[in-house]
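Q: What follows is entry28.txt, compact mmCIF, C-alpha atoms and all ligand atoms.
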# COMPACT_ATOMS: atom_id res chain seq x y z
CA MET M 273 -77.68 140.77 37.45
CA GLU M 274 -74.72 138.92 38.87
CA GLU M 275 -75.80 136.81 41.77
CA LYS M 276 -73.69 137.34 44.88
CA LEU M 277 -72.61 134.11 46.54
CA ALA M 278 -73.54 133.98 50.22
CA ARG M 279 -70.44 133.93 52.45
CA ARG M 280 -70.17 130.87 54.66
CA ARG M 281 -70.08 131.53 58.39
CA ARG M 282 -67.49 130.09 60.74
CA VAL M 283 -67.47 129.79 64.52
CA VAL M 284 -64.21 129.57 66.43
CA LEU M 285 -64.42 127.48 69.61
CA VAL M 286 -61.89 127.61 72.44
CA PRO M 287 -62.26 124.74 74.96
CA ALA M 288 -60.39 124.64 78.28
CA PRO M 289 -57.87 121.78 78.17
CA ALA M 290 -59.59 119.28 80.47
CA GLN M 291 -61.76 116.30 79.58
CA GLY M 292 -64.89 117.66 81.25
CA HIS M 293 -64.56 120.92 79.28
CA ILE M 294 -63.44 119.59 75.88
CA THR M 295 -66.35 117.16 75.59
CA PRO M 296 -69.27 119.63 75.91
CA MET M 297 -67.47 122.18 73.67
CA LEU M 298 -67.18 119.59 70.90
CA GLN M 299 -70.77 118.54 71.39
CA LEU M 300 -71.69 122.19 70.85
CA ALA M 301 -69.41 122.18 67.77
CA ARG M 302 -71.38 119.27 66.36
CA ALA M 303 -74.71 121.06 66.98
CA LEU M 304 -73.47 124.25 65.28
CA HIS M 305 -72.04 122.31 62.33
CA PHE M 306 -75.41 120.60 61.97
CA LYS M 307 -76.95 124.09 61.71
CA GLY M 308 -74.64 124.92 58.77
CA PHE M 309 -71.68 126.66 60.43
CA SER M 310 -68.07 125.80 59.64
CA VAL M 311 -66.18 125.07 62.84
CA THR M 312 -62.63 125.82 63.96
CA VAL M 313 -61.47 124.42 67.30
CA ALA M 314 -58.50 126.24 68.87
CA GLN M 315 -56.69 123.88 71.24
CA THR M 316 -53.77 124.23 73.61
CA LYS M 317 -50.80 121.88 73.35
CA PHE M 318 -51.53 120.69 76.85
CA ASN M 319 -54.20 117.92 76.81
CA TYR M 320 -54.33 118.11 73.02
CA LEU M 321 -57.22 116.05 71.63
CA ASN M 322 -56.09 114.09 68.60
CA PRO M 323 -58.86 114.70 66.08
CA SER M 324 -60.43 111.34 65.18
CA THR M 325 -62.21 110.60 61.91
CA ASP M 326 -65.35 111.31 63.89
CA LEU M 327 -64.23 114.96 64.11
CA SER M 328 -63.06 115.35 60.51
CA ASP M 329 -65.71 117.98 59.75
CA PHE M 330 -63.93 120.46 62.00
CA GLN M 331 -60.72 122.42 61.49
CA PHE M 332 -58.31 122.05 64.43
CA VAL M 333 -55.69 124.71 65.16
CA THR M 334 -53.21 125.01 68.02
CA ILE M 335 -52.82 128.07 70.21
CA PRO M 336 -49.06 128.61 70.10
CA GLU M 337 -48.62 128.62 73.84
CA THR M 338 -47.65 125.96 76.33
CA LEU M 339 -50.32 126.08 78.93
CA PRO M 340 -48.94 125.59 82.42
CA GLU M 341 -51.23 122.92 83.83
CA SER M 342 -52.19 124.69 87.02
CA ASP M 343 -51.59 128.25 86.02
CA LEU M 344 -54.53 129.52 84.00
CA LYS M 345 -54.17 132.96 85.53
CA ASN M 346 -50.85 133.51 83.80
CA LEU M 347 -52.29 133.02 80.35
CA GLY M 348 -52.40 136.12 78.25
CA PRO M 349 -54.35 137.02 75.12
CA GLY M 350 -51.13 137.58 73.08
CA ARG M 351 -50.69 134.25 71.28
CA PHE M 352 -54.42 133.83 70.80
CA LYS M 353 -54.49 137.22 69.06
CA GLU M 354 -51.82 135.95 66.68
CA LEU M 355 -53.87 132.88 65.87
CA LEU M 356 -57.05 134.87 65.38
CA SER M 357 -55.39 137.27 62.92
CA GLN M 358 -54.29 134.25 60.85
CA LEU M 359 -57.84 132.93 60.83
CA LEU M 360 -59.15 136.33 59.78
CA VAL M 361 -57.09 136.21 56.56
CA ASN M 362 -59.87 134.11 55.02
CA GLU M 363 -62.62 136.53 56.05
CA GLU M 364 -63.40 137.34 52.39
CA GLU M 365 -64.71 133.83 51.81
CA GLU M 366 -65.78 132.94 55.26
CA GLU M 367 -66.91 135.39 57.88
CA ILE M 368 -66.19 134.58 61.55
CA ALA M 369 -69.67 134.71 63.06
CA CYS M 370 -68.43 134.51 66.64
CA VAL M 371 -65.84 133.11 69.02
CA ILE M 372 -67.19 130.84 71.75
CA TYR M 373 -64.82 130.33 74.66
CA ASP M 374 -64.89 128.24 77.81
CA GLU M 375 -65.48 130.32 80.95
CA PHE M 376 -61.96 129.35 82.14
CA MET M 377 -60.33 130.59 78.90
CA TYR M 378 -61.35 134.15 79.82
CA PHE M 379 -58.17 135.66 78.29
CA VAL M 380 -59.74 135.06 74.87
CA GLU M 381 -62.16 137.93 75.47
CA ALA M 382 -59.45 140.60 75.32
CA ALA M 383 -58.09 139.24 72.02
CA VAL M 384 -61.52 138.98 70.43
CA LYS M 385 -62.43 142.49 71.58
CA GLU M 386 -59.51 143.92 69.66
CA PHE M 387 -60.81 142.43 66.41
CA LYS M 388 -64.35 143.58 67.23
CA LEU M 389 -65.71 140.04 66.83
CA ARG M 390 -68.81 138.80 68.60
CA ASN M 391 -67.96 136.56 71.55
CA VAL M 392 -69.96 134.15 73.66
CA ILE M 393 -69.05 132.36 76.91
CA LEU M 394 -69.71 128.63 77.33
CA SER M 395 -70.06 127.40 80.88
CA THR M 396 -69.44 123.67 81.18
CA THR M 397 -70.26 123.63 84.88
CA SER M 398 -73.77 124.02 86.27
CA ALA M 399 -75.53 127.39 86.50
CA SER M 400 -75.66 126.95 90.29
CA ALA M 401 -71.88 126.54 90.45
CA PHE M 402 -71.51 129.74 88.47
CA VAL M 403 -73.81 131.57 90.91
CA CYS M 404 -71.65 130.25 93.78
CA HIS M 405 -68.52 131.64 92.07
CA PHE M 406 -70.15 135.08 91.93
CA VAL M 407 -71.28 134.95 95.56
CA MET M 408 -67.86 133.73 96.71
CA CYS M 409 -66.23 136.77 95.11
CA LYS M 410 -68.69 139.06 96.93
CA LEU M 411 -68.24 137.29 100.28
CA TYR M 412 -64.48 137.32 99.88
CA ALA M 413 -64.51 141.07 99.34
CA LYS M 414 -66.64 141.46 102.52
CA ASP M 415 -64.93 139.16 105.05
CA GLY M 416 -62.22 137.19 103.24
CA LEU M 417 -64.43 134.07 103.41
CA ALA M 418 -63.25 133.53 106.93
CA HIS M 419 -65.85 130.74 107.37
CA LEU M 420 -63.95 128.56 104.95
CA LYS M 421 -60.73 128.67 106.88
CA GLU M 422 -60.00 125.58 108.92
CA GLY M 423 -60.81 125.78 112.60
CA ASP M 424 -63.50 128.43 112.15
CA GLY M 425 -66.07 125.77 113.04
CA ARG M 426 -68.84 127.39 111.01
CA GLU M 427 -68.48 125.29 107.88
CA GLU M 428 -71.89 123.69 108.55
CA GLU M 429 -73.67 127.07 108.56
CA LEU M 430 -75.87 128.08 105.63
CA VAL M 431 -74.55 130.76 103.27
CA PRO M 432 -77.29 133.43 103.61
CA GLU M 433 -77.14 134.42 99.92
CA LEU M 434 -77.25 130.79 98.80
CA ASN M 435 -79.58 129.02 101.23
CA PRO M 436 -79.63 125.90 101.46
CA ILE M 437 -75.92 125.72 100.53
CA ARG M 438 -73.52 125.45 103.48
CA TYR M 439 -70.11 127.12 103.57
CA LYS M 440 -68.49 123.72 103.26
CA ASP M 441 -70.43 123.01 100.04
CA LEU M 442 -69.01 126.05 98.22
CA PRO M 443 -66.99 125.10 95.13
CA THR M 444 -63.52 125.48 96.59
CA SER M 445 -60.72 123.38 95.14
CA VAL M 446 -58.37 120.91 96.77
CA PHE M 447 -55.82 122.01 94.18
CA ALA M 448 -55.82 125.69 95.19
CA SER M 449 -56.28 127.97 98.20
CA VAL M 450 -59.52 129.91 98.71
CA GLU M 451 -57.64 133.05 97.66
CA CYS M 452 -56.51 131.48 94.37
CA SER M 453 -59.98 130.10 93.63
CA VAL M 454 -61.52 133.53 94.19
CA GLU M 455 -58.88 135.16 91.97
CA LEU M 456 -59.84 132.74 89.20
CA PHE M 457 -63.59 133.31 89.71
CA LYS M 458 -63.11 137.09 89.52
CA ASN M 459 -61.91 136.53 85.95
CA THR M 460 -64.51 133.96 84.97
CA CYS M 461 -67.39 136.02 86.38
CA TYR M 462 -66.41 139.00 84.24
CA LYS M 463 -68.54 139.20 81.11
CA GLY M 464 -66.50 141.91 79.38
CA THR M 465 -67.83 142.30 75.84
CA ALA M 466 -69.48 138.86 75.68
CA SER M 467 -72.86 139.12 73.98
CA SER M 468 -74.34 136.08 75.70
CA MET M 469 -73.61 133.00 77.75
CA ILE M 470 -74.43 129.39 76.93
CA ILE M 471 -74.67 126.87 79.78
CA ASN M 472 -74.65 123.10 79.46
CA THR M 473 -77.63 122.72 81.73
CA VAL M 474 -81.38 122.26 81.62
CA ARG M 475 -83.78 125.09 82.47
CA CYS M 476 -86.11 122.86 84.51
CA LEU M 477 -83.19 121.82 86.76
CA GLU M 478 -81.72 125.27 87.35
CA MET M 479 -84.31 127.89 86.45
CA LEU M 480 -83.60 130.19 89.40
CA SER M 481 -79.83 130.11 88.91
CA VAL M 482 -80.18 130.84 85.19
CA GLU M 483 -82.44 133.83 85.93
CA TRP M 484 -80.07 135.05 88.67
CA LEU M 485 -77.11 134.93 86.28
CA GLN M 486 -79.01 136.73 83.56
CA GLN M 487 -79.73 139.61 85.93
CA GLU M 488 -76.20 139.74 87.28
CA LEU M 489 -74.43 139.54 83.90
CA GLU M 490 -77.02 141.64 82.05
CA ILE M 491 -76.70 139.46 78.94
CA PRO M 492 -78.91 136.62 77.68
CA VAL M 493 -78.10 133.27 79.33
CA PHE M 494 -79.09 130.18 77.34
CA PRO M 495 -79.41 126.81 79.13
CA ILE M 496 -79.07 124.53 76.08
CA GLY M 497 -78.05 121.22 77.62
CA PRO M 498 -77.65 118.45 78.23
CA LEU M 499 -75.53 118.75 75.11
CA HIS M 500 -74.79 115.02 74.92
CA MET M 501 -78.52 114.47 74.33
CA VAL M 502 -78.92 117.28 71.82
CA VAL M 503 -76.56 115.77 69.25
CA THR M 504 -74.96 112.43 68.56
CA ALA M 505 -71.96 112.96 70.80
CA PRO M 506 -68.62 112.80 68.92
CA ARG M 507 -65.71 110.77 70.32
CA THR M 508 -63.74 113.17 72.49
CA SER M 509 -61.83 110.99 74.97
CA LEU M 510 -58.26 112.00 75.76
CA LEU M 511 -57.65 108.44 77.01
CA GLU M 512 -58.40 105.33 74.99
CA GLU M 513 -61.81 103.86 75.77
CA ASN M 514 -61.75 100.17 76.65
CA GLU M 515 -64.78 98.79 74.78
CA SER M 516 -64.35 95.29 76.22
CA CYS M 517 -66.34 96.36 79.26
CA ILE M 518 -69.47 96.55 77.09
CA GLU M 519 -69.05 92.88 76.19
CA TRP M 520 -68.69 92.14 79.90
CA LEU M 521 -71.86 94.14 80.66
CA ASN M 522 -73.70 92.23 77.90
CA LYS M 523 -73.26 89.06 79.97
CA GLN M 524 -74.77 90.57 83.12
CA GLU M 525 -78.40 90.67 84.16
CA SER M 526 -80.55 93.77 83.92
CA SER M 527 -79.78 96.48 86.56
CA SER M 528 -77.48 94.04 88.34
CA GLY M 529 -74.27 96.05 88.54
CA VAL M 530 -72.64 99.18 89.89
CA TYR M 531 -70.55 101.39 87.59
CA ILE M 532 -67.75 103.23 89.41
CA SER M 533 -65.95 106.16 87.86
CA LEU M 534 -64.49 109.21 89.54
CA GLY M 535 -63.85 111.33 86.45
CA SER M 536 -60.70 112.52 84.77
CA MET M 537 -58.96 114.33 87.63
CA SER M 538 -59.87 112.90 91.05
CA LEU M 539 -57.06 111.40 93.09
CA MET M 540 -57.58 108.88 95.87
CA GLU M 541 -55.51 107.59 98.77
CA THR M 542 -54.71 103.85 98.69
CA LYS M 543 -56.61 103.45 101.94
CA GLU M 544 -59.85 104.66 100.36
CA VAL M 545 -59.41 102.45 97.28
CA LEU M 546 -58.99 99.41 99.52
CA GLU M 547 -62.09 100.41 101.54
CA MET M 548 -64.07 100.74 98.31
CA ALA M 549 -62.85 97.35 97.08
CA SER M 550 -63.71 95.72 100.38
CA GLY M 551 -67.23 97.28 100.34
CA LEU M 552 -67.80 96.12 96.78
CA VAL M 553 -66.70 92.59 97.54
CA SER M 554 -69.01 92.35 100.56
CA SER M 555 -71.93 93.86 98.64
CA ASN M 556 -72.09 90.76 96.43
CA GLN M 557 -72.96 93.01 93.45
CA HIS M 558 -71.34 92.94 90.04
CA PHE M 559 -69.32 96.03 89.32
CA LEU M 560 -67.44 97.80 86.54
CA TRP M 561 -64.72 100.05 87.95
CA VAL M 562 -62.71 102.70 86.09
CA ILE M 563 -59.31 103.17 87.70
CA ARG M 564 -57.37 105.82 85.80
CA PRO M 565 -53.58 105.40 85.64
CA GLY M 566 -51.99 107.65 88.25
CA SER M 567 -55.22 108.20 90.19
CA VAL M 568 -54.22 106.28 93.34
CA LEU M 569 -51.84 108.05 95.70
CA GLY M 570 -49.32 106.48 98.02
CA SER M 571 -49.07 102.98 96.55
CA GLU M 572 -46.05 101.25 95.09
CA MET M 573 -48.24 98.72 93.32
CA SER M 574 -50.01 99.66 90.09
CA GLU M 575 -53.68 100.51 90.56
CA GLU M 576 -54.72 97.27 88.92
CA GLU M 577 -52.47 95.09 91.07
CA LEU M 578 -53.78 96.86 94.11
CA VAL M 579 -57.40 96.22 93.36
CA ARG M 580 -56.83 92.67 92.09
CA LYS M 581 -55.48 91.88 95.52
CA MET M 582 -58.88 92.70 96.98
CA VAL M 583 -61.36 91.84 94.30
CA THR M 584 -62.97 88.63 93.13
CA LEU M 585 -62.66 89.21 89.42
CA ASP M 586 -65.58 87.09 88.32
CA ARG M 587 -67.85 89.69 89.89
CA GLY M 588 -65.82 92.76 89.02
CA TYR M 589 -64.31 94.21 85.85
CA ILE M 590 -61.67 96.94 85.91
CA VAL M 591 -60.67 99.24 83.06
CA LYS M 592 -58.47 102.32 82.78
CA TRP M 593 -61.10 104.32 80.87
CA ALA M 594 -64.60 103.35 79.72
CA PRO M 595 -67.01 104.58 77.04
CA GLN M 596 -69.04 106.12 79.87
CA LYS M 597 -72.13 107.27 78.00
CA GLN M 598 -72.53 103.79 76.50
CA VAL M 599 -71.99 102.21 79.93
CA LEU M 600 -74.63 104.39 81.60
CA ALA M 601 -77.08 103.59 78.82
CA HIS M 602 -76.52 99.84 79.32
CA SER M 603 -79.40 97.92 80.88
CA ALA M 604 -77.02 95.96 83.18
CA VAL M 605 -76.02 99.12 85.06
CA GLY M 606 -78.24 99.71 88.08
CA ALA M 607 -76.24 102.39 89.92
CA PHE M 608 -73.42 104.87 89.32
CA TRP M 609 -70.82 105.47 92.07
CA SER M 610 -69.63 108.86 90.94
CA HIS M 611 -67.49 111.85 91.90
CA CYS M 612 -70.36 114.02 90.59
CA GLY M 613 -68.53 115.98 87.91
CA TRP M 614 -71.13 118.01 86.03
CA ASN M 615 -70.89 115.95 82.81
CA SER M 616 -71.19 112.68 84.71
CA THR M 617 -74.17 114.06 86.63
CA LEU M 618 -75.97 115.10 83.43
CA GLU M 619 -75.13 111.79 81.75
CA SER M 620 -76.48 109.87 84.73
CA LEU M 621 -79.64 111.98 84.99
CA GLY M 622 -80.18 111.52 81.26
CA GLU M 623 -80.18 107.74 81.60
CA GLY M 624 -82.07 107.68 84.90
CA VAL M 625 -79.27 105.85 86.72
CA PRO M 626 -79.35 106.45 90.50
CA MET M 627 -76.08 107.87 91.83
CA ILE M 628 -73.98 106.97 94.84
CA CYS M 629 -72.25 110.29 95.40
CA ARG M 630 -68.63 110.64 96.46
CA PRO M 631 -67.81 114.27 95.63
CA PHE M 632 -64.19 115.38 95.98
CA THR M 633 -63.84 119.05 95.17
CA THR M 634 -65.05 122.17 93.31
CA ASP M 635 -68.66 122.00 92.00
CA GLN M 636 -68.92 118.26 92.75
CA LYS M 637 -70.18 118.96 96.28
CA GLY M 638 -73.14 120.97 94.96
CA ASN M 639 -73.84 118.53 92.13
CA ALA M 640 -74.01 115.67 94.62
CA SER M 641 -77.17 117.10 96.10
CA ARG M 642 -78.99 116.49 92.81
CA GLY M 643 -78.59 112.69 92.72
CA GLY M 644 -80.30 110.78 89.95
CA PRO M 645 -83.97 110.01 89.37
CA ARG M 646 -84.95 106.40 88.85
CA LYS M 647 -86.92 107.19 85.73
CA LYS M 648 -85.25 108.18 82.47
CA ILE M 649 -85.87 111.85 81.64
CA ASN M 650 -87.04 112.44 78.09
CA TRP M 651 -85.40 115.77 77.31
CA GLY M 652 -84.62 114.85 73.71
CA GLN M 653 -86.94 116.92 71.52
CA LYS M 654 -87.37 119.79 73.95
CA VAL M 655 -83.68 120.57 74.18
CA ALA M 656 -83.10 119.96 70.48
CA ASN M 657 -85.58 122.78 69.79
CA GLU M 658 -83.75 125.15 72.12
CA VAL M 659 -80.41 124.87 70.28
N1 LIG F 1 -65.56 109.65 81.11
C1 LIG F 1 -65.40 108.65 80.18
N2 LIG F 1 -64.86 107.46 80.58
C2 LIG F 1 -64.48 107.21 81.85
C3 LIG F 1 -64.64 108.23 82.81
C4 LIG F 1 -65.20 109.44 82.41
O1 LIG F 1 -65.73 108.82 79.01
O2 LIG F 1 -63.99 106.11 82.11
C5 LIG F 1 -66.12 110.94 80.67
C6 LIG F 1 -67.51 111.17 81.22
O3 LIG F 1 -68.46 110.57 80.37
C7 LIG F 1 -67.59 112.68 81.28
C8 LIG F 1 -66.14 113.13 81.46
O4 LIG F 1 -65.32 112.00 81.18
O5 LIG F 1 -68.11 113.19 80.06
C9 LIG F 1 -65.81 113.57 82.87
O6 LIG F 1 -66.36 114.82 83.09
P1 LIG F 1 -66.96 115.24 84.48
O7 LIG F 1 -67.46 116.64 84.34
O8 LIG F 1 -67.96 114.25 84.94
O9 LIG F 1 -65.75 115.13 85.50
P2 LIG F 1 -64.26 115.73 85.50
O10 LIG F 1 -63.42 114.74 84.77
O11 LIG F 1 -64.31 117.07 84.83
O12 LIG F 1 -63.91 115.79 86.95
Represent the structure contained in this file as structure tokens.
Ligand code: UDP

A:
Amino acid sequence: MEEKLARRRRVVLVPAPAQGHITPMLQLARALHFKGFSVTVAQTKFNYLNPSTDLSDFQFVTIPETLPESDLKNLGPGRFKELLSQLLVNEEEEEIACVIYDEFMYFVEAAVKEFKLRNVILSTTSASAFVCHFVMCKLYAKDGLAHLKEGDGREEELVPELNPIRYKDLPTSVFASVECSVELFKNTCYKGTASSMIINTVRCLEMLSVEWLQQELEIPVFPIGPLHMVVTAPRTSLLEENESCIEWLNKQESSSGVYISLGSMSLMETKEVLEMASGLVSSNQHFLWVIRPGSVLGSEMSEEELVRKMVTLDRGYIVKWAPQKQVLAHSAVGAFWSHCGWNSTLESLGEGVPMICRPFTTDQKGNASRGGPRKKINWGQKVANEV
């Protein structure tokens, strides 16, 4: 009898075009590839990640659409449908097992539905932030989230549905009004035909939120993170990593320095940068500081010139972008001054580096309350089994 060759199975992954979303999606890609799946990554032109040799196992395709940076809500499923139909041409040899899309790329669901493909949502923020998005939509429908409006004076009050979170801790954005944020969350909190949701979190950190979401969405919710500890993380930086800071750290004593990084999107006023520099100088600690180009507002000097004016460079080292996971794992780093993005929080918790929290916006305010334990958490084998 003629033996039928087993068809290979492919997953199509659709990350949102931001550093903190691309990285966990590609870590998931690596885990799925390790399990025997072929992987296609559908990227936007905006914030396009140039596939490195490290990512050569994956197929990269471009969604033929120019994503307006701040205008996710105007994205439609049209061009993604086009792309998907091209990928389906090879179905004979390789079945598409499912499409996994970032919660913020919700328009993918409508396209996938049309082709009757299985689809799964990946949340790259914490489960608690996702719960807050749901509750904000409900509160907005009830009273327009009046407590969040300036001058209401009740920002310190606890949100009854989310005790102990205060109104001012809700994940609103400095980049958008409350109304716009809620509009976005209405879309991201809609499961549509998704068969399940994957969250880059750890059950023991967020058990209640995971259970809450499972009940609300009525689909299985899998906390499979921290993804960077489940697989050997591939290189996914949009900016070039300056490796020289590792050599600098090699010369420092154990736990002697502070690592400062405020993520890929935070913007700071010159005044605050100068305050930080002055505090660091008077602390007498060594420090490694990431200052992203364009991240300091209201200064005619370049960021580097600005800080050099304040900083004694034999105690400080400044780079535009660092290999953060390597930095946090370095024995010379004793503390992490962070904006508390969810990836940075997980990376810091994973290495047991205490955090000095300076949240700016969105979920960072909630993440800040988690801080970092002083002892390294050994999640390794446990989470590897869950994937
Ligand atoms: N990151 C990095 N080098 C840096 C600063 C940040 O590799 O100099 C990485 C960091 O390891 C994390 C991501 O960028 O994986 C930032 O994601 P996060 O969710 O912490 O913050 P966001 O940039 O989304 O605000």

Q: Distance table requested - chain M against ligand LIG 1 (chain F), cut-off 9 Å, all atoms listed in the file: one row per qualifying residue with the closest atom pair and its distance in Å to one decimal, ordered by chain and rising residue number, as a Markdown table.

A:
| residue | atom | partner | partner_atom | distance |
| --- | --- | --- | --- | --- |
| M:Ala290 | CA | F:LIG1 | O11 | 6.8 |
| M:Gln291 | CA | F:LIG1 | O10 | 5.7 |
| M:Gly292 | CA | F:LIG1 | O11 | 3.7 |
| M:His293 | CA | F:LIG1 | O11 | 6.8 |
| M:Ile294 | CA | F:LIG1 | C8 | 9.0 |
| M:Thr295 | CA | F:LIG1 | O5 | 6.2 |
| M:Pro296 | CA | F:LIG1 | O5 | 7.7 |
| M:Thr396 | CA | F:LIG1 | O7 | 8.0 |
| M:Thr397 | CA | F:LIG1 | O7 | 7.5 |
| M:His500 | CA | F:LIG1 | O5 | 8.6 |
| M:Arg507 | CA | F:LIG1 | O1 | 8.9 |
| M:Thr508 | CA | F:LIG1 | O1 | 8.1 |
| M:Ser509 | CA | F:LIG1 | O1 | 6.0 |
| M:Leu510 | CA | F:LIG1 | O1 | 8.7 |
| M:Leu511 | CA | F:LIG1 | N2 | 8.1 |
| M:Glu512 | CA | F:LIG1 | N2 | 8.8 |
| M:Glu513 | CA | F:LIG1 | N2 | 6.7 |
| M:Asn514 | CA | F:LIG1 | O2 | 8.4 |
| M:Ile532 | CA | F:LIG1 | O2 | 8.7 |
| M:Ser533 | CA | F:LIG1 | C3 | 5.6 |
| M:Leu534 | CA | F:LIG1 | C3 | 6.8 |
| M:Gly535 | CA | F:LIG1 | O10 | 3.8 |
| M:Ser536 | CA | F:LIG1 | O10 | 3.5 |
| M:Met537 | CA | F:LIG1 | O12 | 5.2 |
| M:Ser538 | CA | F:LIG1 | O12 | 6.4 |
| M:Trp561 | CA | F:LIG1 | O2 | 8.4 |
| M:Val562 | CA | F:LIG1 | O2 | 5.4 |
| M:Ile563 | CA | F:LIG1 | O2 | 7.9 |
| M:Arg564 | CA | F:LIG1 | O2 | 7.6 |
| M:Val591 | CA | F:LIG1 | O2 | 7.7 |
| M:Lys592 | CA | F:LIG1 | O2 | 6.7 |
| M:Trp593 | CA | F:LIG1 | O2 | 3.6 |
| M:Ala594 | CA | F:LIG1 | O2 | 3.7 |
| M:Pro595 | CA | F:LIG1 | O1 | 4.8 |
| M:Gln596 | CA | F:LIG1 | O1 | 4.4 |
| M:Lys597 | CA | F:LIG1 | O3 | 5.5 |
| M:Gln598 | CA | F:LIG1 | O3 | 8.8 |
| M:Val599 | CA | F:LIG1 | N2 | 8.9 |
| M:Leu600 | CA | F:LIG1 | O3 | 8.8 |
| M:Ser610 | CA | F:LIG1 | O8 | 8.2 |
| M:His611 | CA | F:LIG1 | O12 | 7.3 |
| M:Cys612 | CA | F:LIG1 | O8 | 6.1 |
| M:Gly613 | CA | F:LIG1 | O8 | 3.5 |
| M:Trp614 | CA | F:LIG1 | O7 | 4.3 |
| M:Asn615 | CA | F:LIG1 | O7 | 3.8 |
| M:Ser616 | CA | F:LIG1 | O8 | 3.6 |
| M:Thr617 | CA | F:LIG1 | O8 | 6.4 |
| M:Leu618 | CA | F:LIG1 | O8 | 8.2 |
| M:Glu619 | CA | F:LIG1 | O3 | 6.9 |
| M:Thr633 | CA | F:LIG1 | O12 | 8.8 |
| M:Gln636 | CA | F:LIG1 | O12 | 8.1 |

Q: Can you pull out every residue within 12 Å of Asn362 of chain M, counting only C-alpha atoms, but drop anything in the same chain fewer than 3 positions away, and send it as JSON, numbers by chain?

A: {"M": [279, 280, 281, 282, 356, 357, 358, 359, 365, 366, 367, 368]}

Q: With only C-alpha atoms as the atoms that count, which of M:Gly464, M:Pro443, M:Pro432, M:Gly308 lies nearest to Val380 of chain M?

A: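 Selected residue with least distance to Val380 of chain M: M:Gly464.
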
Q: Point out the residue among M:Gln315, M:Ser468, M:Ser571, M:Gln487 with the least atom-to-atom distance to Leu546 of chain M, counting all atoms listed in the file.

A: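 Closest candidate: M:Ser571.
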
Q: With all atoms listed in the file as the counted atoms, please give the residues lying no more than 12 Å from Thr460 of chain M, apart from itself and same-chain residues fewer than 5 positions off, as a PyMOL selection string.

A: chain M and resi 344-345+373-381+393-395+397+401-406+409+453-455+466+469+489

Q: Just checking: using only C-alpha atoms, which residue out of M:Val482, M:Val384, M:Val530, M:Val568 ends up closest to Ser467 of chain M?

A: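 Comparing M:Val482, M:Val384, M:Val530, M:Val568 against Ser467 of chain M, the winner is M:Val384.
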
Q: Please report the interatomic distance between atom CA of Ile335 of chain M and atom CA of Leu389 of chain M in Å with one decimal.

A: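 Straight-line distance from atom CA of Ile335 of chain M to atom CA of Leu389 of chain M works out to 17.9 Å.
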
Q: To one decimal place in Å, what is the distance between atom CA of Ala383 of chain M and atom CA of Ala303 of chain M?

A: 25.1 Å

Q: Do you know which residues are at most 9 Å from Leu355 of chain M counting all atoms listed in the file, after dropping those on the same chain fewer than 6 positions away, and could you put them as a PyMOL selection string?

A: chain M and resi 314+333-336

Q: With all atoms listed in the file as the atoms that count, which of M:Pro631, M:Pro626, M:Gly566, M:Pro498 lies nearest to Phe608 of chain M?

A: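 Between M:Pro631, M:Pro626, M:Gly566, M:Pro498, the residue approaching Phe608 of chain M most closely is M:Pro626.
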
Q: So, with all atoms listed in the file as the atoms that count, which of M:Trp484, M:Gly497, M:Met582, M:Pro565 lies closest to Gly551 of chain M?

A: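 When distances to Gly551 of chain M are compared using all atoms listed in the file, the smallest one comes from M:Met582.
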
Q: Measuring atom to atom with all atoms listed in the file, identify which of M:Leu485, M:Cys517, M:Ala640, M:Val579 is nearest to Glu547 of chain M.

A: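 Closest residue, counting all atoms listed in the file: M:Val579.
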